[in-house]
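Take a look at the structure below.
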Amino acid sequence: MTLQPEDFWSFSEWLLRPGAFLESALLQGVALLILAVLLGLVIGYIVSAVRYGPGEAFYAVAGVLRDLFTRDLPGTAPRRVYALARLAFKEAIRRRILFVIGLFAVGLLLAGWYLDPTSDDPARLYISFVLTATNYLILMLALFISCFSLPADIKSRTIYTIVTKPVRATEIVLGRIFGFTAVGTLLLVPMGLLSYLFVTRGLDHTHTVASIEELGDGRFVGETSYDRFHRHEFTIDAEGNGLAESERGHRHVVTKVGDEFIVGDPEGALRARVPQYGGLQFLNRQGLPDTQGIDVGYEHIRGGYGSGGLSRFIGRTIGPRRIEHGYIEGGTLCAAIFTFDEITPDKYPDGLPLEMKLRVFRTYKGDIVTGVRGTVTVRNPQNQAIESEPFPFVAQEYQVDETELPIEFDGTAGGESRTLNLFEDLVDENGHVEIVVRCSDPGQYLGLTQGDVYLRPRESTFGWNMTKAYFSIWLQMVMVIAFGVMFSTTLSGPVAMIATFVLVLLGFSAESVYDTRYYIDRGQTMGGGPIESLIRTFRQDAMTVELDIQSTPLKIIQGIDSVAVYTLDAVVTSLPNLPKMLGTAEYVASGFDVFGALLLRHTVTTLGYFILACFIGYFFLKTREIAA
Amino acid sequence: METDPVAVAERPAPTSPDATASQVVIETRNLSKIYRDFWGRKKVQALNSLDIEIRQGEIFGLLGPNGSGKSTTIKLILGLLFPTSGRVLVFDKDASETSKNERVGYLPEESYLYKFLTAEETLDFYGRLFNMSAADRQRRVDELIKMVGLERARYRQLREFSKGMTRRVGLAQALINDPDLILLDEPTTGLDPIGTREMKDLILSLRDAGKTILLCSHQLADVQDVCDRVAILHQGELKELGRVEDLLKVQDVTEVHARGLSEQAKAEIADVIRRHGGQLQSMDNPTTTMEDLFLNIVRESEERPGHRRAAALPPDASGNPPASGNPPANPAALPPSAESPADRSSKSSGDAPS
Ligand SMILES: Nc1ncnc2c1ncn2[C@@H]1O[C@H](COP(=O)(O)OP(=O)(O)OP(=O)(O)O)[C@@H](O)[C@H]1O
Ligand SMILES: [Mg+2]
């Protein structure tokens, strides 16, 4: 999991984007709503102008707006919305939709056989699997239940008996959305529970002691049995308490009770670290401040862009928003300086639990197994002469290094060596502290981003984290249902489903559309737009070679392509960025607590699209001649 | 027939005064409906310049062959369709206004109900759409289930119901809010004879309770029994409108009912009629029936399309013999239905609206 800059935004930063208001989510939301309203009115006007003439059409459109604000919105009664929601709910239940839960359970059982048991990180595998599976399954179900109900009512004319009651178009749309949301929730909750059980049970195992050897001083070393494709080594101290070495992301407590050795349940496989991130500043080889760190030419990882907001919309391209790893070179003055704030004894009574997930880049092979060495130094941000002795560590690729920096340690204060106290000497009066990461192997590099070095003040529970991931799935579901109901007010069932499906697909491909546009903007040959890439597929050309076509046809193709890509970009920018929402699964799988701010952002986004869909659905339904 | 020795029907008085006094519930003004396809092209002119007023407390019948625009009229009144031109006012509000529905009940021509609900759930659901307390709703549901005779099927899903049973639920559903205006699209189809009878009684009792009822039906005898006024539509045009009793009087035929006349007296009466330039047709045939009236109008309209049958004009002027000359038609044989929409549209588009 690599966090992008926007992942660090607090909720209000995201909503308002101080300093870059064009990118603000609020602005984008409001602009989208206004745009949708205008578009709806213009289309409505044109359609009725064709039928009834321009003058009548004006009254018709104005009438709909007036009705919305003077009658339908104030007249919307929760009582009727509830009745209609209940109906939609009953309909789905009586159609035996709950069978899906049974199928899901069976699916999980089968999946248990296929998930690779020799995986290095079984927890990630299991969690990713269940979350992704439920996510897609629920979205598909949401698609099905939301798109067919209203068209079926219109086709079978049962809707006549509804709209001839004092029921408003708003109530029909809301009732449907709420009813299906209730159905979806009813499906999602047991799926969540089953998934939780699947993960916890699936990872649960124990070992027996395979070999044991007494060290003279009452301590023991030994090895557990080989179960689930791994074994642990362990040591037991003189009191009889021991801990096995970490293997496949977990360890076991081993205790000696009498003459017996007991291996406990796996621990640490299912985590929910609550990280505290700091600001990052690089120093270059000369020890001067640098924004980027050294670029070693690694490929850029996927993900990013995202919340460009309106600035994308109006065609102001922004450079790549995705984060790149900055590298620090060993044996030079290169360093990465993290500044953490709100460091208090209450929060960190036992010292600073520091975790690092570093990349390793070698200029010479050396010894791959030992990893690259580095140091961590704690420093006072205001008086840089006060700093700790370097704490050495060895960075292994794809592993989290966990170190607990104690409260008291050796260091230097203005050239004088003495024992320093974290809170007295190193944390300044604003509660800030600096942690400096350096690489000590000359010629080797350590790569990191802002999210890769963090403090971990506390740990949340895995169950709660799963709940948050499921909430995120729930939000996506609500969005799909809202769009499905919106389309089903005017289209027939299958067509509404396809329309919603296309929207969801576009939502999921947001990042690749952004990418394509970025490459076109930069004039970089990278597969090109839809037509060009189709040609490439046929000719089996690589993405990066110049297309071998005459220049005029090529210009035409690329011209059409850019129009298509810019249009898609605009469409995709106006749609919810679903991969971002799906990304919460990645947090859980990586063992990080899903940020509250992130969830809040998703919630507000969902609410925004919900309102949009309701409005459009209302407009469609209101202008529709039900019996025609 | 009554026991009066002699009853002589005279020319009717124009619309009775009490009718104008009560409040207008439905008013259509120059109401026309053209069905169009997706591209806005005309398919059918289903209704042409309809002007009717329905007053509070009356039972108004809409008659006409299949496809003559009856259901279209009802849907326009309900706001299910938007008029192509003209207006509909219901309780002085535009038909498109949702709030009028608080006082309206509608029985659609087929029962469009949720098949997965039970009878009770259905009524409960529709009840929830009105401003009713839970207790009121419960009471109303009980009452209606009893009224339509479905106590035994109360907890069964509608998918298991027979046609008539579904129809009964449909009726109960239309009455859930104790409406002031009730629109019944062919209320007696699918009902058994007892059900039909009960339906008629119900309609009358609703009228007595001050409700206004608009119904359309092909059961002419039923219409004759219950309706106060009728309108007859043909191909979307209003052909006849008036009080049932007035319409059924064959205006230029004098009926003489007498008892105990000798053959000689009969001959004398015949003589008298002949002397006054009249023609004795029959001495014992009563008034026409709704069915005869209906068949006449349809036939006439088919011969001379596009013209409203002038109420003052004697039927003879149109070349049709009076009603009594016709053999009683088989009630099962319905009047000829409208031609296919394509034919009709080409034909009616050529007609100037009257
Ligand atoms: N939704 C529609 N689209 C197109 N044409 C329609 C539609 N509904 C009705 N029509 C046409 O309008 C005309 C009037 O139909 P309407 O349903 O009002 O007849 P009706 O008098 O109720 O007939 P019936 O006695 O058979 O119920 C018919 O020609 C019919 O084909
Ligand atoms: Mg009909």
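Please note that chains go A, B, ... in the order of the structure tokens, that every chain numbers its residues from 1, and that ligands are numbered from 1 in the order shown.
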
Test item: residues no farther than 10 Å from ligand 2, counting only C-alpha atoms and all ligand atoms, as JSON, numbers by chain: {"B": [63, 64, 65, 66, 67, 68, 69, 70, 71, 72, 73, 74, 75, 108, 109, 110, 185, 186, 216, 217, 218]}

Residue list for chain B near chain A as JSON, numbers by chain, 7 Å, only C-alpha atoms: {"B": [40, 78, 80, 81, 82, 98, 99, 101, 102, 112, 113, 114, 116, 125, 128, 129, 130]}

Same residues, N, CA, C and O atoms, saved as a PDB file, in the first residue's frame:
ATOM      1  N   GLY B  40     -42.256  11.204 -31.804  1.00  0.00           N
ATOM      2  CA  GLY B  40     -43.225  12.285 -31.828  1.00  0.00           C
ATOM      3  C   GLY B  40     -44.176  12.181 -32.998  1.00  0.00           C
ATOM      4  O   GLY B  40     -44.929  13.100 -33.274  1.00  0.00           O
ATOM      5  N   LEU B  78     -56.938  11.285 -14.506  1.00  0.00           N
ATOM      6  CA  LEU B  78     -56.065  10.930 -13.385  1.00  0.00           C
ATOM      7  C   LEU B  78     -54.679  11.537 -13.506  1.00  0.00           C
ATOM      8  O   LEU B  78     -53.879  11.461 -12.586  1.00  0.00           O
ATOM      9  N   LEU B  80     -52.496  10.357 -15.560  1.00  0.00           N
ATOM     10  CA  LEU B  80     -51.582   9.314 -16.031  1.00  0.00           C
ATOM     11  C   LEU B  80     -51.118   9.620 -17.450  1.00  0.00           C
ATOM     12  O   LEU B  80     -50.091   9.150 -17.896  1.00  0.00           O
ATOM     13  N   LEU B  81     -51.926  10.378 -18.160  1.00  0.00           N
ATOM     14  CA  LEU B  81     -51.553  10.838 -19.491  1.00  0.00           C
ATOM     15  C   LEU B  81     -51.613  12.356 -19.458  1.00  0.00           C
ATOM     16  O   LEU B  81     -52.363  12.936 -18.679  1.00  0.00           O
ATOM     17  N   PHE B  82     -50.820  12.967 -20.303  1.00  0.00           N
ATOM     18  CA  PHE B  82     -50.883  14.424 -20.422  1.00  0.00           C
ATOM     19  C   PHE B  82     -51.686  14.749 -21.666  1.00  0.00           C
ATOM     20  O   PHE B  82     -51.459  14.151 -22.717  1.00  0.00           O
ATOM     21  N   THR B  98     -50.714  16.228  -7.853  1.00  0.00           N
ATOM     22  CA  THR B  98     -50.778  15.013  -7.057  1.00  0.00           C
ATOM     23  C   THR B  98     -51.778  15.119  -5.917  1.00  0.00           C
ATOM     24  O   THR B  98     -52.398  14.138  -5.539  1.00  0.00           O
ATOM     25  N   SER B  99     -51.942  16.330  -5.387  1.00  0.00           N
ATOM     26  CA  SER B  99     -52.728  16.451  -4.156  1.00  0.00           C
ATOM     27  C   SER B  99     -54.194  16.095  -4.379  1.00  0.00           C
ATOM     28  O   SER B  99     -54.872  15.695  -3.443  1.00  0.00           O
ATOM     29  N   ASN B 101     -55.255  13.554  -5.659  1.00  0.00           N
ATOM     30  CA  ASN B 101     -55.406  12.116  -5.470  1.00  0.00           C
ATOM     31  C   ASN B 101     -55.823  11.729  -4.062  1.00  0.00           C
ATOM     32  O   ASN B 101     -56.254  10.605  -3.842  1.00  0.00           O
ATOM     33  N   GLU B 102     -55.675  12.669  -3.115  1.00  0.00           N
ATOM     34  CA  GLU B 102     -56.136  12.385  -1.757  1.00  0.00           C
ATOM     35  C   GLU B 102     -57.620  12.014  -1.760  1.00  0.00           C
ATOM     36  O   GLU B 102     -58.072  11.252  -0.923  1.00  0.00           O
ATOM     37  N   TYR B 112     -53.982  -4.075 -11.721  1.00  0.00           N
ATOM     38  CA  TYR B 112     -52.541  -3.905 -11.712  1.00  0.00           C
ATOM     39  C   TYR B 112     -52.073  -3.859 -10.270  1.00  0.00           C
ATOM     40  O   TYR B 112     -51.889  -2.805  -9.687  1.00  0.00           O
ATOM     41  N   LEU B 113     -51.879  -5.016  -9.692  1.00  0.00           N
ATOM     42  CA  LEU B 113     -51.508  -5.052  -8.274  1.00  0.00           C
ATOM     43  C   LEU B 113     -50.233  -5.861  -8.121  1.00  0.00           C
ATOM     44  O   LEU B 113     -49.816  -6.563  -9.034  1.00  0.00           O
ATOM     45  N   TYR B 114     -49.630  -5.741  -6.944  1.00  0.00           N
ATOM     46  CA  TYR B 114     -48.392  -6.477  -6.700  1.00  0.00           C
ATOM     47  C   TYR B 114     -48.706  -7.921  -6.365  1.00  0.00           C
ATOM     48  O   TYR B 114     -49.337  -8.208  -5.357  1.00  0.00           O
ATOM     49  N   PHE B 116     -46.910 -10.270  -5.364  1.00  0.00           N
ATOM     50  CA  PHE B 116     -46.206 -10.921  -4.260  1.00  0.00           C
ATOM     51  C   PHE B 116     -46.742 -10.498  -2.903  1.00  0.00           C
ATOM     52  O   PHE B 116     -46.257 -10.953  -1.882  1.00  0.00           O
ATOM     53  N   PHE B 125     -50.645  -1.554   2.346  1.00  0.00           N
ATOM     54  CA  PHE B 125     -49.665  -0.747   1.609  1.00  0.00           C
ATOM     55  C   PHE B 125     -50.316   0.497   1.023  1.00  0.00           C
ATOM     56  O   PHE B 125     -49.832   1.615   1.204  1.00  0.00           O
ATOM     57  N   ARG B 128     -51.118   3.073   3.544  1.00  0.00           N
ATOM     58  CA  ARG B 128     -49.981   3.841   4.041  1.00  0.00           C
ATOM     59  C   ARG B 128     -49.649   5.043   3.168  1.00  0.00           C
ATOM     60  O   ARG B 128     -48.919   5.928   3.578  1.00  0.00           O
ATOM     61  N   LEU B 129     -50.146   5.019   1.956  1.00  0.00           N
ATOM     62  CA  LEU B 129     -49.844   6.138   1.061  1.00  0.00           C
ATOM     63  C   LEU B 129     -50.728   7.343   1.369  1.00  0.00           C
ATOM     64  O   LEU B 129     -50.552   8.403   0.796  1.00  0.00           O
ATOM     65  N   PHE B 130     -51.691   7.137   2.282  1.00  0.00           N
ATOM     66  CA  PHE B 130     -52.548   8.253   2.665  1.00  0.00           C
ATOM     67  C   PHE B 130     -52.259   8.637   4.100  1.00  0.00           C
ATOM     68  O   PHE B 130     -51.660   7.882   4.856  1.00  0.00           O
TER      69      PHE B 130
END

Can you list every residue in region 117-330 of chain A that DSSP puts in strand (DSSP E), as a VMD selection string? chain A and resid 209 to 214 220 to 224 233 to 236 241 to 244 251 to 257 260 to 267 273 to 277 279 to 283 289 to 290 326 to 329

Dump of N, CA and C atoms for the selected residues, as a compact mmCIF listing (two decimals), in the first residue's frame:
# COMPACT_ATOMS: atom_id res chain seq x y z
N VAL A 209 5.24 -28.59 19.50
CA VAL A 209 6.69 -28.39 19.58
C VAL A 209 7.38 -29.60 18.96
N ALA A 210 8.24 -29.33 17.98
CA ALA A 210 8.86 -30.44 17.26
C ALA A 210 10.20 -30.81 17.89
N SER A 211 10.97 -29.80 18.25
CA SER A 211 12.26 -30.11 18.87
C SER A 211 12.56 -29.04 19.91
N ILE A 212 13.21 -29.40 20.94
CA ILE A 212 13.48 -28.46 22.03
C ILE A 212 14.84 -28.78 22.60
N GLU A 213 15.49 -27.72 23.02
CA GLU A 213 16.86 -27.90 23.53
C GLU A 213 17.03 -26.97 24.70
N GLU A 214 17.49 -27.48 25.79
CA GLU A 214 17.64 -26.64 26.97
C GLU A 214 19.00 -25.97 26.94
N PHE A 220 15.16 -22.11 26.95
CA PHE A 220 15.03 -23.16 25.93
C PHE A 220 15.05 -22.53 24.54
N VAL A 221 15.55 -23.24 23.59
CA VAL A 221 15.31 -22.88 22.20
C VAL A 221 14.69 -24.10 21.54
N GLY A 222 13.86 -23.83 20.53
CA GLY A 222 13.24 -24.98 19.88
C GLY A 222 12.60 -24.59 18.57
N GLU A 223 11.93 -25.54 18.03
CA GLU A 223 11.29 -25.35 16.75
C GLU A 223 9.92 -25.97 16.81
N THR A 224 8.93 -25.30 16.19
CA THR A 224 7.59 -25.88 16.18
C THR A 224 7.48 -26.87 15.05
N GLU A 233 10.78 -20.84 14.79
CA GLU A 233 11.77 -21.09 15.85
C GLU A 233 11.34 -20.28 17.05
N PHE A 234 11.65 -20.77 18.21
CA PHE A 234 11.26 -20.00 19.39
C PHE A 234 12.29 -20.14 20.50
N THR A 235 12.24 -19.18 21.40
CA THR A 235 13.06 -19.26 22.60
C THR A 235 12.13 -19.04 23.79
N ILE A 236 12.48 -19.68 24.90
CA ILE A 236 11.68 -19.53 26.12
C ILE A 236 12.61 -19.08 27.22
N ASN A 241 8.21 -18.13 29.70
CA ASN A 241 7.47 -17.43 28.65
C ASN A 241 8.34 -17.29 27.42
N GLY A 242 7.75 -17.51 26.25
CA GLY A 242 8.54 -17.39 25.04
C GLY A 242 7.72 -16.89 23.88
N LEU A 243 8.42 -16.46 22.86
CA LEU A 243 7.76 -15.96 21.67
C LEU A 243 8.43 -16.57 20.47
N ALA A 244 7.60 -17.06 19.55
CA ALA A 244 8.18 -17.65 18.35
C ALA A 244 8.56 -16.56 17.36
N ARG A 251 3.16 -14.60 14.65
CA ARG A 251 3.99 -15.36 15.58
C ARG A 251 3.09 -16.02 16.61
N HIS A 252 3.68 -16.91 17.41
CA HIS A 252 2.90 -17.58 18.45
C HIS A 252 3.58 -17.36 19.79
N VAL A 253 2.78 -17.29 20.82
CA VAL A 253 3.34 -17.30 22.17
C VAL A 253 3.60 -18.76 22.53
N VAL A 254 4.80 -19.02 23.06
CA VAL A 254 5.07 -20.39 23.50
C VAL A 254 5.35 -20.32 25.00
N THR A 255 4.66 -21.12 25.77
CA THR A 255 4.88 -21.10 27.21
C THR A 255 5.21 -22.50 27.70
N LYS A 256 5.91 -22.48 28.81
CA LYS A 256 6.26 -23.76 29.43
C LYS A 256 5.42 -23.88 30.68
N VAL A 257 4.56 -24.86 30.71
CA VAL A 257 3.74 -25.09 31.88
C VAL A 257 4.12 -26.46 32.42
N GLU A 260 5.34 -29.29 30.13
CA GLU A 260 4.73 -29.18 28.80
C GLU A 260 5.09 -27.86 28.14
N PHE A 261 5.16 -27.87 26.82
CA PHE A 261 5.31 -26.63 26.07
C PHE A 261 4.04 -26.40 25.27
N ILE A 262 3.48 -25.21 25.45
CA ILE A 262 2.21 -24.94 24.77
C ILE A 262 2.40 -23.82 23.75
N VAL A 263 2.00 -24.10 22.51
CA VAL A 263 2.07 -23.08 21.45
C VAL A 263 0.70 -22.44 21.32
N GLY A 264 0.67 -21.11 21.44
CA GLY A 264 -0.62 -20.39 21.42
C GLY A 264 -1.14 -20.14 20.01
N ASP A 265 -2.22 -19.33 19.98
CA ASP A 265 -2.83 -18.97 18.69
C ASP A 265 -1.93 -18.01 17.93
N PRO A 266 -2.12 -17.93 16.61
CA PRO A 266 -1.30 -16.97 15.85
C PRO A 266 -1.62 -15.54 16.25
N GLU A 267 -0.60 -14.72 16.32
CA GLU A 267 -0.80 -13.33 16.70
C GLU A 267 -0.16 -12.42 15.68
N ARG A 273 -3.17 -1.22 12.36
CA ARG A 273 -2.30 -0.17 12.89
C ARG A 273 -2.95 1.18 12.66
N VAL A 274 -2.90 2.01 13.71
CA VAL A 274 -3.35 3.38 13.53
C VAL A 274 -2.09 4.22 13.40
N PRO A 275 -1.75 4.64 12.21
CA PRO A 275 -0.49 5.32 12.01
C PRO A 275 -0.60 6.81 12.29
N GLN A 276 0.54 7.38 12.69
CA GLN A 276 0.62 8.83 12.72
C GLN A 276 1.69 9.22 11.71
N TYR A 277 1.28 9.98 10.70
CA TYR A 277 2.22 10.33 9.66
C TYR A 277 2.84 11.68 9.96
N GLY A 279 5.42 15.02 8.27
CA GLY A 279 5.80 15.70 7.04
C GLY A 279 7.16 15.19 6.60
N LEU A 280 7.41 15.19 5.29
CA LEU A 280 8.67 14.63 4.79
C LEU A 280 9.47 15.69 4.05
N GLN A 281 10.77 15.71 4.35
CA GLN A 281 11.70 16.63 3.69
C GLN A 281 12.96 15.84 3.37
N PHE A 282 13.38 15.91 2.11
CA PHE A 282 14.61 15.22 1.73
C PHE A 282 15.80 16.16 1.82
N LEU A 283 16.96 15.58 2.07
CA LEU A 283 18.21 16.31 1.90
C LEU A 283 18.97 15.64 0.76
N PRO A 289 18.32 20.97 1.49
CA PRO A 289 16.91 20.57 1.36
C PRO A 289 16.51 20.36 -0.10
N ASP A 290 15.69 19.36 -0.30
CA ASP A 290 15.31 18.95 -1.65
C ASP A 290 13.89 18.41 -1.53
N GLY A 326 11.09 8.66 -3.25
CA GLY A 326 12.33 9.41 -3.26
C GLY A 326 13.41 8.51 -2.68
N TYR A 327 14.62 8.59 -3.21
CA TYR A 327 15.68 7.70 -2.74
C TYR A 327 16.76 8.48 -2.01
N ILE A 328 17.31 7.89 -0.99
CA ILE A 328 18.45 8.48 -0.31
C ILE A 328 19.65 7.56 -0.50
N GLU A 329 20.76 8.19 -0.83
CA GLU A 329 21.94 7.42 -1.18
C GLU A 329 22.78 7.19 0.06

Among region 69-264 of chain B, which ones does DSSP place in helix (DSSP H, G or I), written as a PyMOL selection string? chain B and resi 70-78+98-103+119-128+134-147+151-153+158-160+163-174+193-208+220-226+244-248+263-264

Can you tell me which residues surround Ala46 (chain B) at a distance of at most 6 Å, considering only C-alpha atoms, apart from same-chain residues fewer than 5 positions away, and format the answer as a list in words?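 The contact residues come out as Lys33, Ile34, Gly69 and Gly236 of chain B.
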
For the selection just defined, write its residues with N, CA and C atoms to a file, as a PDB file, in the first residue's frame.
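Saved file again13.pdb follows:
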ATOM      1  N   LYS B  33     -56.457  13.945 -27.140  1.00  0.00           N
ATOM      2  CA  LYS B  33     -55.254  13.159 -26.882  1.00  0.00           C
ATOM      3  C   LYS B  33     -54.820  12.469 -28.162  1.00  0.00           C
ATOM      4  N   ILE B  34     -53.591  12.701 -28.511  1.00  0.00           N
ATOM      5  CA  ILE B  34     -52.995  11.985 -29.641  1.00  0.00           C
ATOM      6  C   ILE B  34     -51.858  11.151 -29.079  1.00  0.00           C
ATOM      7  N   GLY B  69     -61.778   5.344 -26.657  1.00  0.00           N
ATOM      8  CA  GLY B  69     -61.164   6.422 -25.871  1.00  0.00           C
ATOM      9  C   GLY B  69     -61.669   6.546 -24.452  1.00  0.00           C
ATOM     10  N   GLY B 236     -63.077   8.280 -30.348  1.00  0.00           N
ATOM     11  CA  GLY B 236     -62.548   9.461 -29.683  1.00  0.00           C
ATOM     12  C   GLY B 236     -63.448  10.672 -29.737  1.00  0.00           C
TER      13      GLY B 236
END

So which one's closest to Ile213 (chain B), B:Gln56, B:Thr28, B:Gln138, B:Gln23? Using only C-alpha atoms, please.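 The shortest atom-to-atom distance to Ile213 (chain B) comes from B:Gln56.
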
Pick from B:Pro187, B:Gly105, B:Gly127, B:Gly149: nearest to ligand 1, with only C-alpha atoms and all ligand atoms counted? B:Pro187

Residues near Tyr348 (chain A), anyone? I mean within 12 Å using only C-alpha atoms, not counting same-chain ones fewer than 4 positions away, as a PyMOL selection string. chain A and resi 276+342-344+352-354+404-407+422-423+427+431+455-458

Please provide the set of residues having any atom within 8 Å of Leu420 (chain A), restricted to only C-alpha atoms, with same-chain residues fewer than 5 positions apart removed, written as a list in words. Ser388, Glu408, Phe409, Asp410, Gly411, Thr412, Asp425 and Leu426 of chain A

Keeping only C-alpha atoms, write the selected residues to a file as a PDB file, in the first residue's frame.
ATOM      1  CA  SER A 388      20.193  10.939  19.531  1.00  0.00           C
ATOM      2  CA  GLU A 408      15.746   7.656  27.305  1.00  0.00           C
ATOM      3  CA  PHE A 409      18.707   7.082  25.049  1.00  0.00           C
ATOM      4  CA  ASP A 410      22.230   8.245  24.445  1.00  0.00           C
ATOM      5  CA  GLY A 411      22.814  11.283  22.333  1.00  0.00           C
ATOM      6  CA  THR A 412      24.587  14.566  21.950  1.00  0.00           C
ATOM      7  CA  ASP A 425      15.222  17.201  25.218  1.00  0.00           C
ATOM      8  CA  LEU A 426      13.978  16.234  21.806  1.00  0.00           C
TER       9      LEU A 426
END

Within 12 Å of Asn284 (chain A), counting only C-alpha atoms, which residues qualify if same-chain residues fewer than 5 places away don't, as a PyMOL selection string? chain A and resi 289-295+326-337+438

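From CA of Thr403 (chain A) back to CA of Ser246 (chain A), the distance works out to 14.6 Å.
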
Near-Glu23 (chain A) list (10 Å; only C-alpha atoms; drop same-chain fewer than 4 positions) as a PyMOL selection string: chain A and resi 14-19+27-28+307-313

Interatomic distance (Å, one decimal) between CA of Phe501 (chain A) and CA of Met466 (chain A): 26.3 Å
